[in-house]
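Quick notes on the structure that follows.
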Amino acid sequence: MRGVTRRLMLLDTASLYFRAYFGVPDSVKAPDGTPVNAVRGLLDFIDRLVKDHRPDDLVACMDADWRPQWRVDLIPSYKAHRVAVETEAGRPDEEEVPDTLSPQVPVIEKVLDALGIARVGVEGYEADDVIGTFTGRADGPVDIVTGDRDLYQLVDDKRGVRVLYPLKGVGTLQLTDETWLREKYGVDGSGYADLALLRGDPSDGLPGVPGIGEKTAAKLLDQFGDLAAIMAAVDDPKAKLTPSQRKRLDESRPYVAVAPKVVRVAGDVPLPDVDTALPHTPRDPAALEELAARWGLGGSLQRLLTTLGD
């Protein structure tokens, strides 16, 4: 991020390697028979993204904490359904992931480090928060690559911030800007968090306001402007709310009071000082060669190295 002409690409890394894991056959294995489909799939994704979008800076954003306690303290149901049932090993608070994916994550991290691709995760924060903070600090345009619609809230046409949402691999991406958001949801980027808060999100354990679905939430935001104005209207007998809407919003005040901090990505994560420039040569060629041989990274790694060197 060295000037207004530089384009920053931020990867929601877990979102992408999950897609790679499920999109690449588990018959893709290392010489010892260990599946490396997520590793090779992610390398192929990064290769395609760099080829197609030519970022100047690239950061692989990580979940140092996929379910931060400060969010759970505010809304206990936050991602609660994703917590694994307590195992015989006695680890009740771990996210459920496929057995053959977990061992691939450290390999992904080592390969990214050897390549010299900036990899950032901050204790107590999700990758979304890291992405939000990098986005807020960027001087130039930002491409956020994620399969998580929560990050639509960062879309900002004036600043050139858009979300590249994978529809099929990363070869077919939905380029999400404010025009697309208005057509699809009736809100702009800044309004998407309020929309998500009001309608709720079962995938994140957010209850929402009962009886306020996506269309109603969009209409209320269009009518009143933002969440604060909607809640102010609840106390205004002249405001055009139906009796049912007024009642449900009033009863949901405790949730509405805390939900914004949970739903909105943090913009104040203490980011480490990292070199975000897209590497053109590997940072640690010897380590990369060893990783390539150990895990059978083959053509996936070679293609990415060629693309980075162009």
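By order in the structure tokens, chains are A, B, ...; within a chain, residues start at 1; ligands start at 1, following the order shown.
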
Leaving out segment 69-81 of chain A and any residue of its chain fewer than 6 positions from it, which residues lie within 12 Å of it when counting only C-alpha atoms, given as an MDAnalysis selection string?
chainID A and resid 92:96 123:126 129 197 200:208 254:266

Expected file contents, prior selection, C-alpha atoms, as a PDB file, in the first residue's frame:
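What follows is the written file selection_0.pdb:
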ATOM      1  CA  PRO A  92     -15.509 -28.580  23.513  1.00  0.00           C
ATOM      2  CA  ASP A  93     -14.903 -25.200  21.914  1.00  0.00           C
ATOM      3  CA  GLU A  94     -13.361 -26.011  18.563  1.00  0.00           C
ATOM      4  CA  GLU A  95     -14.927 -25.324  15.203  1.00  0.00           C
ATOM      5  CA  GLU A  96     -15.947 -28.422  13.314  1.00  0.00           C
ATOM      6  CA  GLU A 123      -5.217 -12.767  18.281  1.00  0.00           C
ATOM      7  CA  GLY A 124      -8.775 -12.008  19.373  1.00  0.00           C
ATOM      8  CA  TYR A 125      -9.993 -11.149  15.876  1.00  0.00           C
ATOM      9  CA  GLU A 126     -11.465 -12.869  12.861  1.00  0.00           C
ATOM     10  CA  ASP A 129     -11.732  -7.796  11.134  1.00  0.00           C
ATOM     11  CA  LEU A 197     -28.465  -7.235  11.750  1.00  0.00           C
ATOM     12  CA  GLY A 200     -30.552 -12.060  11.259  1.00  0.00           C
ATOM     13  CA  ASP A 201     -28.162 -14.669   9.974  1.00  0.00           C
ATOM     14  CA  PRO A 202     -28.624 -18.297  11.060  1.00  0.00           C
ATOM     15  CA  SER A 203     -25.189 -19.224   9.700  1.00  0.00           C
ATOM     16  CA  ASP A 204     -23.613 -16.893  12.272  1.00  0.00           C
ATOM     17  CA  GLY A 205     -26.119 -17.488  15.044  1.00  0.00           C
ATOM     18  CA  LEU A 206     -27.569 -13.970  14.806  1.00  0.00           C
ATOM     19  CA  PRO A 207     -31.268 -14.030  15.759  1.00  0.00           C
ATOM     20  CA  GLY A 208     -32.278 -10.791  14.045  1.00  0.00           C
ATOM     21  CA  PRO A 254     -31.530  -5.481  23.973  1.00  0.00           C
ATOM     22  CA  TYR A 255     -30.388  -7.304  20.835  1.00  0.00           C
ATOM     23  CA  VAL A 256     -30.254  -4.149  18.692  1.00  0.00           C
ATOM     24  CA  ALA A 257     -28.165  -2.406  21.350  1.00  0.00           C
ATOM     25  CA  VAL A 258     -25.306  -4.929  21.163  1.00  0.00           C
ATOM     26  CA  ALA A 259     -25.621  -6.412  17.678  1.00  0.00           C
ATOM     27  CA  PRO A 260     -23.884  -3.596  15.738  1.00  0.00           C
ATOM     28  CA  LYS A 261     -20.557  -4.314  17.431  1.00  0.00           C
ATOM     29  CA  VAL A 262     -20.925  -8.010  16.632  1.00  0.00           C
ATOM     30  CA  VAL A 263     -22.095  -7.635  13.039  1.00  0.00           C
ATOM     31  CA  ARG A 264     -19.804  -4.823  11.913  1.00  0.00           C
ATOM     32  CA  VAL A 265     -16.232  -5.775  11.190  1.00  0.00           C
ATOM     33  CA  ALA A 266     -13.651  -4.148  13.412  1.00  0.00           C
TER      34      ALA A 266
END

Among the residues of segment 163-277 of chain A, find those DSSP assigns to alpha helix (DSSP H) from the backbone and print them as a VMD selection string.
chain A and resid 178 to 185 189 to 199 214 to 224 227 to 234 243 to 251 253 to 263

Between atom CA of Asn37 of chain A and atom CA of Leu10 of chain A - distance in Å to one decimal
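Going from atom CA of Leu10 of chain A over to atom CA of Asn37 of chain A covers 21.9 Å.
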
Write out, as CSV, each residue of segment 61-141 of chain A that has an atom at most 10 Å from segment 160-170 of chain A, together with the closest pair of atoms and their distance in Å to one decimal, counting only C-alpha atoms, rows going by chain and rising number.
residue,atom,partner,partner_atom,distance
A:Thr135,CA,A:Val161,CA,7.7
A:Gly136,CA,A:Val161,CA,9.7
A:Ala138,CA,A:Val161,CA,9.5
A:Asp139,CA,A:Gly160,CA,9.9
A:Gly140,CA,A:Gly160,CA,7.3
A:Pro141,CA,A:Gly160,CA,4.5

Give me a file of those residues, with C-alpha atoms, as a PDB file, in the first residue's frame.
ATOM      1  CA  THR A 135      -9.431  -1.790   3.929  1.00  0.00           C
ATOM      2  CA  GLY A 136      -9.879   1.261   6.140  1.00  0.00           C
ATOM      3  CA  ALA A 138      -5.738   1.522   2.226  1.00  0.00           C
ATOM      4  CA  ASP A 139      -4.868   4.507   0.058  1.00  0.00           C
ATOM      5  CA  GLY A 140      -5.912   2.919  -3.228  1.00  0.00           C
ATOM      6  CA  PRO A 141      -8.529   0.497  -4.576  1.00  0.00           C
TER       7      PRO A 141
END

Give one line per residue of segment 1-115 of chain A that approaches segment 273-277 of chain A to at most 7 Å, naming the two atoms of the closest pair and their distance in Å to one decimal, counting only C-alpha atoms; sort by chain then ascending residue number and deliver it as JSON lines.
{"residue": "A:Asp56", "atom": "CA", "partner": "A:Ala277", "partner_atom": "CA", "distance": 6.1}
{"residue": "A:Asp57", "atom": "CA", "partner": "A:Ala277", "partner_atom": "CA", "distance": 4.3}
{"residue": "A:Leu58", "atom": "CA", "partner": "A:Thr276", "partner_atom": "CA", "distance": 5.6}
{"residue": "A:Val59", "atom": "CA", "partner": "A:Thr276", "partner_atom": "CA", "distance": 6.0}

Selection above as a file: N, CA and C atoms, as a CSV table (one decimal), in the first residue's frame:
chain,number,residue,atom,x,y,z
A,56,ASP,N,-1.2,-5.1,-6.8
A,56,ASP,CA,0.2,-4.7,-6.4
A,56,ASP,C,0.6,-5.2,-5.0
A,57,ASP,N,-0.4,-5.3,-4.2
A,57,ASP,CA,-0.3,-5.8,-2.8
A,57,ASP,C,-1.3,-6.9,-2.6
A,58,LEU,N,-0.8,-7.9,-1.8
A,58,LEU,CA,-1.7,-9.1,-1.5
A,58,LEU,C,-1.5,-9.5,-0.1
A,59,VAL,N,-2.6,-9.7,0.6
A,59,VAL,CA,-2.5,-10.2,2.0
A,59,VAL,C,-3.5,-11.4,2.2

Give me the residues near Pro25 of chain A as JSON, numbers by chain, where near means some atom within 12 Å (using only C-alpha atoms) and where sequence neighbours in that chain fewer than 3 positions away do not count.
{"A": [19, 20, 21, 22, 28, 29, 35, 36, 37, 38, 39, 40, 41, 100]}

Prev. selection, all heavy atoms, output as an mmCIF file, in the first residue's frame:
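Saved file part_33.cif follows:
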data_model
loop_
_atom_site.group_PDB
_atom_site.id
_atom_site.type_symbol
_atom_site.label_atom_id
_atom_site.label_comp_id
_atom_site.auth_asym_id
_atom_site.auth_seq_id
_atom_site.Cartn_x
_atom_site.Cartn_y
_atom_site.Cartn_z
ATOM 1 N N ARG A 19 -13.316 -23.688 0.191
ATOM 2 C CA ARG A 19 -13.847 -23.903 -1.150
ATOM 3 C C ARG A 19 -12.926 -24.808 -1.961
ATOM 4 O O ARG A 19 -13.380 -25.658 -2.721
ATOM 5 C CB ARG A 19 -14.044 -22.561 -1.861
ATOM 6 C CG ARG A 19 -15.282 -21.830 -1.379
ATOM 7 C CD ARG A 19 -15.418 -20.446 -1.986
ATOM 8 N NE ARG A 19 -16.653 -19.841 -1.511
ATOM 9 C CZ ARG A 19 -17.778 -19.752 -2.213
ATOM 10 N NH1 ARG A 19 -17.814 -20.238 -3.438
ATOM 11 N NH2 ARG A 19 -18.851 -19.196 -1.704
ATOM 12 N N ALA A 20 -11.628 -24.596 -1.791
ATOM 13 C CA ALA A 20 -10.673 -25.445 -2.498
ATOM 14 C C ALA A 20 -10.803 -26.888 -2.033
ATOM 15 O O ALA A 20 -10.787 -27.825 -2.845
ATOM 16 C CB ALA A 20 -9.250 -24.934 -2.257
ATOM 17 N N TYR A 21 -10.949 -27.085 -0.736
ATOM 18 C CA TYR A 21 -11.053 -28.427 -0.163
ATOM 19 C C TYR A 21 -12.245 -29.190 -0.737
ATOM 20 O O TYR A 21 -12.140 -30.364 -1.085
ATOM 21 C CB TYR A 21 -11.168 -28.330 1.354
ATOM 22 C CG TYR A 21 -11.361 -29.665 2.041
ATOM 23 C CD1 TYR A 21 -10.271 -30.484 2.316
ATOM 24 C CD2 TYR A 21 -12.630 -30.110 2.389
ATOM 25 C CE1 TYR A 21 -10.445 -31.718 2.934
ATOM 26 C CE2 TYR A 21 -12.808 -31.340 3.000
ATOM 27 C CZ TYR A 21 -11.711 -32.142 3.269
ATOM 28 O OH TYR A 21 -11.898 -33.355 3.873
ATOM 29 N N PHE A 22 -13.368 -28.492 -0.829
ATOM 30 C CA PHE A 22 -14.575 -29.156 -1.321
ATOM 31 C C PHE A 22 -14.660 -29.166 -2.846
ATOM 32 O O PHE A 22 -15.447 -29.912 -3.424
ATOM 33 C CB PHE A 22 -15.820 -28.504 -0.719
ATOM 34 C CG PHE A 22 -15.994 -28.820 0.741
ATOM 35 C CD1 PHE A 22 -15.740 -27.857 1.699
ATOM 36 C CD2 PHE A 22 -16.383 -30.089 1.150
ATOM 37 C CE1 PHE A 22 -15.890 -28.147 3.053
ATOM 38 C CE2 PHE A 22 -16.531 -30.392 2.502
ATOM 39 C CZ PHE A 22 -16.282 -29.422 3.452
ATOM 40 N N VAL A 28 -6.184 -35.856 -4.736
ATOM 41 C CA VAL A 28 -4.963 -35.055 -4.894
ATOM 42 C C VAL A 28 -4.182 -35.188 -3.593
ATOM 43 O O VAL A 28 -4.571 -34.634 -2.566
ATOM 44 C CB VAL A 28 -5.299 -33.584 -5.206
ATOM 45 C CG1 VAL A 28 -4.021 -32.756 -5.281
ATOM 46 C CG2 VAL A 28 -6.086 -33.477 -6.507
ATOM 47 N N LYS A 29 -3.075 -35.924 -3.653
ATOM 48 C CA LYS A 29 -2.366 -36.278 -2.423
ATOM 49 C C LYS A 29 -0.866 -36.031 -2.524
ATOM 50 O O LYS A 29 -0.307 -35.955 -3.627
ATOM 51 C CB LYS A 29 -2.619 -37.745 -2.076
ATOM 52 C CG LYS A 29 -4.081 -38.058 -1.769
ATOM 53 C CD LYS A 29 -4.290 -39.523 -1.432
ATOM 54 C CE LYS A 29 -5.761 -39.786 -1.084
ATOM 55 N NZ LYS A 29 -5.987 -41.215 -0.754
ATOM 56 N N PRO A 35 -3.853 -36.164 1.855
ATOM 57 C CA PRO A 35 -4.553 -35.240 0.959
ATOM 58 C C PRO A 35 -3.973 -33.836 1.025
ATOM 59 O O PRO A 35 -3.686 -33.326 2.123
ATOM 60 C CB PRO A 35 -5.993 -35.270 1.491
ATOM 61 C CG PRO A 35 -6.121 -36.585 2.173
ATOM 62 C CD PRO A 35 -4.773 -36.827 2.802
ATOM 63 N N VAL A 36 -3.777 -33.233 -0.136
ATOM 64 C CA VAL A 36 -3.310 -31.836 -0.206
ATOM 65 C C VAL A 36 -4.207 -31.042 -1.161
ATOM 66 O O VAL A 36 -3.771 -30.068 -1.771
ATOM 67 C CB VAL A 36 -1.826 -31.744 -0.645
ATOM 68 C CG1 VAL A 36 -0.896 -32.242 0.452
ATOM 69 C CG2 VAL A 36 -1.589 -32.511 -1.946
ATOM 70 N N ASN A 37 -5.471 -31.465 -1.259
ATOM 71 C CA ASN A 37 -6.377 -30.801 -2.198
ATOM 72 C C ASN A 37 -6.630 -29.348 -1.821
ATOM 73 O O ASN A 37 -6.750 -28.483 -2.701
ATOM 74 C CB ASN A 37 -7.694 -31.570 -2.322
ATOM 75 C CG ASN A 37 -8.334 -31.912 -0.997
ATOM 76 O OD1 ASN A 37 -7.657 -32.075 0.023
ATOM 77 N ND2 ASN A 37 -9.650 -32.052 -0.989
ATOM 78 N N ALA A 38 -6.709 -29.036 -0.523
ATOM 79 C CA ALA A 38 -6.923 -27.646 -0.111
ATOM 80 C C ALA A 38 -5.685 -26.796 -0.396
ATOM 81 O O ALA A 38 -5.791 -25.640 -0.817
ATOM 82 C CB ALA A 38 -7.273 -27.575 1.374
ATOM 83 N N VAL A 39 -4.512 -27.379 -0.168
ATOM 84 C CA VAL A 39 -3.261 -26.646 -0.410
ATOM 85 C C VAL A 39 -3.127 -26.320 -1.893
ATOM 86 O O VAL A 39 -2.940 -25.151 -2.279
ATOM 87 C CB VAL A 39 -2.043 -27.470 0.053
ATOM 88 C CG1 VAL A 39 -0.763 -26.650 -0.142
ATOM 89 C CG2 VAL A 39 -2.178 -27.894 1.504
ATOM 90 N N ARG A 40 -3.230 -27.336 -2.718
ATOM 91 C CA ARG A 40 -3.045 -27.113 -4.148
ATOM 92 C C ARG A 40 -4.184 -26.287 -4.734
ATOM 93 O O ARG A 40 -3.970 -25.443 -5.608
ATOM 94 C CB ARG A 40 -2.916 -28.453 -4.880
ATOM 95 C CG ARG A 40 -1.621 -29.184 -4.521
ATOM 96 C CD ARG A 40 -1.309 -30.339 -5.433
ATOM 97 N NE ARG A 40 -1.198 -29.924 -6.828
ATOM 98 C CZ ARG A 40 -0.624 -30.671 -7.772
ATOM 99 N NH1 ARG A 40 -0.095 -31.846 -7.450
ATOM 100 N NH2 ARG A 40 -0.566 -30.259 -9.016
ATOM 101 N N GLY A 41 -5.397 -26.509 -4.234
ATOM 102 C CA GLY A 41 -6.527 -25.719 -4.713
ATOM 103 C C GLY A 41 -6.361 -24.251 -4.398
ATOM 104 O O GLY A 41 -6.655 -23.387 -5.236
ATOM 105 N N THR A 100 -9.601 -34.238 7.263
ATOM 106 C CA THR A 100 -8.459 -34.165 6.360
ATOM 107 C C THR A 100 -8.119 -32.738 5.937
ATOM 108 O O THR A 100 -7.148 -32.523 5.205
ATOM 109 C CB THR A 100 -8.697 -35.029 5.101
ATOM 110 O OG1 THR A 100 -9.904 -34.612 4.453
ATOM 111 C CG2 THR A 100 -8.799 -36.501 5.463
#

Proximity check segment 233-288 of chain A to segment 217-220 of chain A, 10 Å, nearest pairs one decimal Å, only C-alpha atoms, as JSON lines:
{"residue": "A:Lys240", "atom": "CA", "partner": "A:Leu220", "partner_atom": "CA", "distance": 9.6}
{"residue": "A:Leu241", "atom": "CA", "partner": "A:Leu220", "partner_atom": "CA", "distance": 8.7}
{"residue": "A:Gln245", "atom": "CA", "partner": "A:Leu220", "partner_atom": "CA", "distance": 9.7}

Check which residues of segment 91-159 of chain A sit at most 12 Å from segment 279-303 of chain A using only C-alpha atoms, and return one row each with the closest pair of atoms and their distance in Å to one decimal, ordered by chain and rising number, as JSON lines.
{"residue": "A:Pro103", "atom": "CA", "partner": "A:Trp295", "partner_atom": "CA", "distance": 11.7}
{"residue": "A:Gln104", "atom": "CA", "partner": "A:Trp295", "partner_atom": "CA", "distance": 9.8}
{"residue": "A:Pro106", "atom": "CA", "partner": "A:Leu291", "partner_atom": "CA", "distance": 11.4}
{"residue": "A:Val107", "atom": "CA", "partner": "A:Leu291", "partner_atom": "CA", "distance": 8.1}
{"residue": "A:Ile108", "atom": "CA", "partner": "A:Leu291", "partner_atom": "CA", "distance": 10.0}
{"residue": "A:Glu109", "atom": "CA", "partner": "A:Leu291", "partner_atom": "CA", "distance": 11.1}
{"residue": "A:Lys110", "atom": "CA", "partner": "A:Leu291", "partner_atom": "CA", "distance": 8.0}
{"residue": "A:Val111", "atom": "CA", "partner": "A:Leu288", "partner_atom": "CA", "distance": 6.5}
{"residue": "A:Leu112", "atom": "CA", "partner": "A:Leu288", "partner_atom": "CA", "distance": 9.1}
{"residue": "A:Asp113", "atom": "CA", "partner": "A:Arg283", "partner_atom": "CA", "distance": 7.5}
{"residue": "A:Ala114", "atom": "CA", "partner": "A:Asp284", "partner_atom": "CA", "distance": 4.8}
{"residue": "A:Leu115", "atom": "CA", "partner": "A:Pro282", "partner_atom": "CA", "distance": 4.3}
{"residue": "A:Gly116", "atom": "CA", "partner": "A:Arg283", "partner_atom": "CA", "distance": 4.7}
{"residue": "A:Ile117", "atom": "CA", "partner": "A:Pro279", "partner_atom": "CA", "distance": 6.4}
{"residue": "A:Ala118", "atom": "CA", "partner": "A:Pro279", "partner_atom": "CA", "distance": 9.0}

Just the selected residues (all heavy atoms), exported as an mmCIF file, in the first residue's frame, please.
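again_37.cif, written as the output of this step:
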data_model
loop_
_atom_site.group_PDB
_atom_site.id
_atom_site.type_symbol
_atom_site.label_atom_id
_atom_site.label_comp_id
_atom_site.auth_asym_id
_atom_site.auth_seq_id
_atom_site.Cartn_x
_atom_site.Cartn_y
_atom_site.Cartn_z
ATOM 1 N N PRO A 103 -5.115 -30.821 8.960
ATOM 2 C CA PRO A 103 -3.663 -30.960 8.797
ATOM 3 C C PRO A 103 -3.094 -30.163 7.632
ATOM 4 O O PRO A 103 -1.875 -29.959 7.569
ATOM 5 C CB PRO A 103 -3.493 -32.474 8.540
ATOM 6 C CG PRO A 103 -4.733 -33.115 9.046
ATOM 7 C CD PRO A 103 -5.817 -32.106 8.789
ATOM 8 N N GLN A 104 -3.949 -29.730 6.718
ATOM 9 C CA GLN A 104 -3.458 -28.987 5.563
ATOM 10 C C GLN A 104 -3.243 -27.503 5.863
ATOM 11 O O GLN A 104 -2.499 -26.825 5.146
ATOM 12 C CB GLN A 104 -4.436 -29.125 4.389
ATOM 13 C CG GLN A 104 -4.572 -30.549 3.874
ATOM 14 C CD GLN A 104 -5.401 -30.632 2.607
ATOM 15 O OE1 GLN A 104 -5.088 -29.989 1.595
ATOM 16 N NE2 GLN A 104 -6.476 -31.403 2.630
ATOM 17 N N PRO A 106 -1.634 -25.882 8.420
ATOM 18 C CA PRO A 106 -0.232 -25.493 8.675
ATOM 19 C C PRO A 106 0.631 -25.541 7.413
ATOM 20 O O PRO A 106 1.559 -24.738 7.261
ATOM 21 C CB PRO A 106 0.238 -26.534 9.700
ATOM 22 C CG PRO A 106 -1.001 -27.045 10.350
ATOM 23 C CD PRO A 106 -2.035 -27.020 9.268
ATOM 24 N N VAL A 107 0.334 -26.463 6.512
ATOM 25 C CA VAL A 107 1.084 -26.541 5.256
ATOM 26 C C VAL A 107 0.825 -25.288 4.423
ATOM 27 O O VAL A 107 1.756 -24.686 3.872
ATOM 28 C CB VAL A 107 0.700 -27.800 4.460
ATOM 29 C CG1 VAL A 107 1.509 -27.874 3.154
ATOM 30 C CG2 VAL A 107 0.915 -29.056 5.291
ATOM 31 N N ILE A 108 -0.439 -24.888 4.360
ATOM 32 C CA ILE A 108 -0.803 -23.665 3.637
ATOM 33 C C ILE A 108 -0.033 -22.476 4.204
ATOM 34 O O ILE A 108 0.534 -21.661 3.453
ATOM 35 C CB ILE A 108 -2.328 -23.416 3.736
ATOM 36 C CG1 ILE A 108 -3.081 -24.417 2.853
ATOM 37 C CG2 ILE A 108 -2.682 -21.982 3.354
ATOM 38 C CD1 ILE A 108 -4.579 -24.431 3.061
ATOM 39 N N GLU A 109 0.020 -22.381 5.519
ATOM 40 C CA GLU A 109 0.699 -21.247 6.156
ATOM 41 C C GLU A 109 2.190 -21.244 5.829
ATOM 42 O O GLU A 109 2.776 -20.197 5.516
ATOM 43 C CB GLU A 109 0.471 -21.300 7.667
ATOM 44 C CG GLU A 109 -0.987 -21.078 8.050
ATOM 45 C CD GLU A 109 -1.246 -21.246 9.537
ATOM 46 O OE1 GLU A 109 -0.366 -21.811 10.234
ATOM 47 O OE2 GLU A 109 -2.328 -20.833 10.005
ATOM 48 N N LYS A 110 2.812 -22.428 5.877
ATOM 49 C CA LYS A 110 4.248 -22.508 5.588
ATOM 50 C C LYS A 110 4.540 -22.164 4.129
ATOM 51 O O LYS A 110 5.534 -21.488 3.828
ATOM 52 C CB LYS A 110 4.758 -23.915 5.902
ATOM 53 C CG LYS A 110 4.815 -24.230 7.387
ATOM 54 C CD LYS A 110 5.227 -25.680 7.630
ATOM 55 C CE LYS A 110 5.205 -26.024 9.114
ATOM 56 N NZ LYS A 110 5.536 -27.459 9.358
ATOM 57 N N VAL A 111 3.680 -22.620 3.219
ATOM 58 C CA VAL A 111 3.891 -22.327 1.795
ATOM 59 C C VAL A 111 3.738 -20.829 1.522
ATOM 60 O O VAL A 111 4.552 -20.231 0.804
ATOM 61 C CB VAL A 111 2.926 -23.149 0.918
ATOM 62 C CG1 VAL A 111 3.007 -22.705 -0.538
ATOM 63 C CG2 VAL A 111 3.234 -24.641 1.031
ATOM 64 N N LEU A 112 2.709 -20.210 2.104
ATOM 65 C CA LEU A 112 2.520 -18.771 1.918
ATOM 66 C C LEU A 112 3.727 -17.993 2.448
ATOM 67 O O LEU A 112 4.203 -17.040 1.820
ATOM 68 C CB LEU A 112 1.243 -18.306 2.615
ATOM 69 C CG LEU A 112 -0.079 -18.796 2.014
ATOM 70 C CD1 LEU A 112 -1.245 -18.370 2.898
ATOM 71 C CD2 LEU A 112 -0.274 -18.275 0.597
ATOM 72 N N ASP A 113 4.234 -18.417 3.616
ATOM 73 C CA ASP A 113 5.384 -17.731 4.212
ATOM 74 C C ASP A 113 6.629 -17.887 3.342
ATOM 75 O O ASP A 113 7.388 -16.932 3.143
ATOM 76 C CB ASP A 113 5.649 -18.274 5.614
ATOM 77 C CG ASP A 113 4.562 -17.887 6.613
ATOM 78 O OD1 ASP A 113 3.724 -17.019 6.280
ATOM 79 O OD2 ASP A 113 4.534 -18.466 7.719
ATOM 80 N N ALA A 114 6.853 -19.088 2.823
ATOM 81 C CA ALA A 114 8.026 -19.322 1.986
ATOM 82 C C ALA A 114 7.936 -18.543 0.673
ATOM 83 O O ALA A 114 8.946 -18.076 0.139
ATOM 84 C CB ALA A 114 8.191 -20.819 1.713
ATOM 85 N N LEU A 115 6.710 -18.407 0.153
ATOM 86 C CA LEU A 115 6.511 -17.615 -1.058
ATOM 87 C C LEU A 115 6.767 -16.132 -0.816
ATOM 88 O O LEU A 115 7.169 -15.403 -1.719
ATOM 89 C CB LEU A 115 5.084 -17.799 -1.574
ATOM 90 C CG LEU A 115 4.779 -19.082 -2.331
ATOM 91 C CD1 LEU A 115 3.267 -19.273 -2.476
ATOM 92 C CD2 LEU A 115 5.435 -19.063 -3.714
ATOM 93 N N GLY A 116 6.502 -15.687 0.413
ATOM 94 C CA GLY A 116 6.629 -14.268 0.723
ATOM 95 C C GLY A 116 5.319 -13.523 0.606
ATOM 96 O O GLY A 116 5.292 -12.284 0.560
ATOM 97 N N ILE A 117 4.205 -14.264 0.550
ATOM 98 C CA ILE A 117 2.888 -13.631 0.540
ATOM 99 C C ILE A 117 2.521 -13.270 1.975
ATOM 100 O O ILE A 117 2.533 -14.127 2.867
ATOM 101 C CB ILE A 117 1.829 -14.568 -0.071
ATOM 102 C CG1 ILE A 117 2.099 -14.761 -1.567
ATOM 103 C CG2 ILE A 117 0.413 -14.019 0.143
ATOM 104 C CD1 ILE A 117 1.201 -15.782 -2.246
ATOM 105 N N ALA A 118 2.238 -12.007 2.214
ATOM 106 C CA ALA A 118 1.923 -11.548 3.572
ATOM 107 C C ALA A 118 0.753 -12.344 4.128
ATOM 108 O O ALA A 118 -0.274 -12.514 3.468
ATOM 109 C CB ALA A 118 1.593 -10.062 3.558
#

Considering only C-alpha atoms, return as a list in words whatever protein or nucleic-acid residues lie within 9 Å of Arg246 of chain A, sequence-local ones (same chain, fewer than 3 positions apart) excluded.
Met231, Ala233, Val234, Asp235, Leu241, Thr242, Pro243, Leu249, Asp250 and Glu251 of chain A
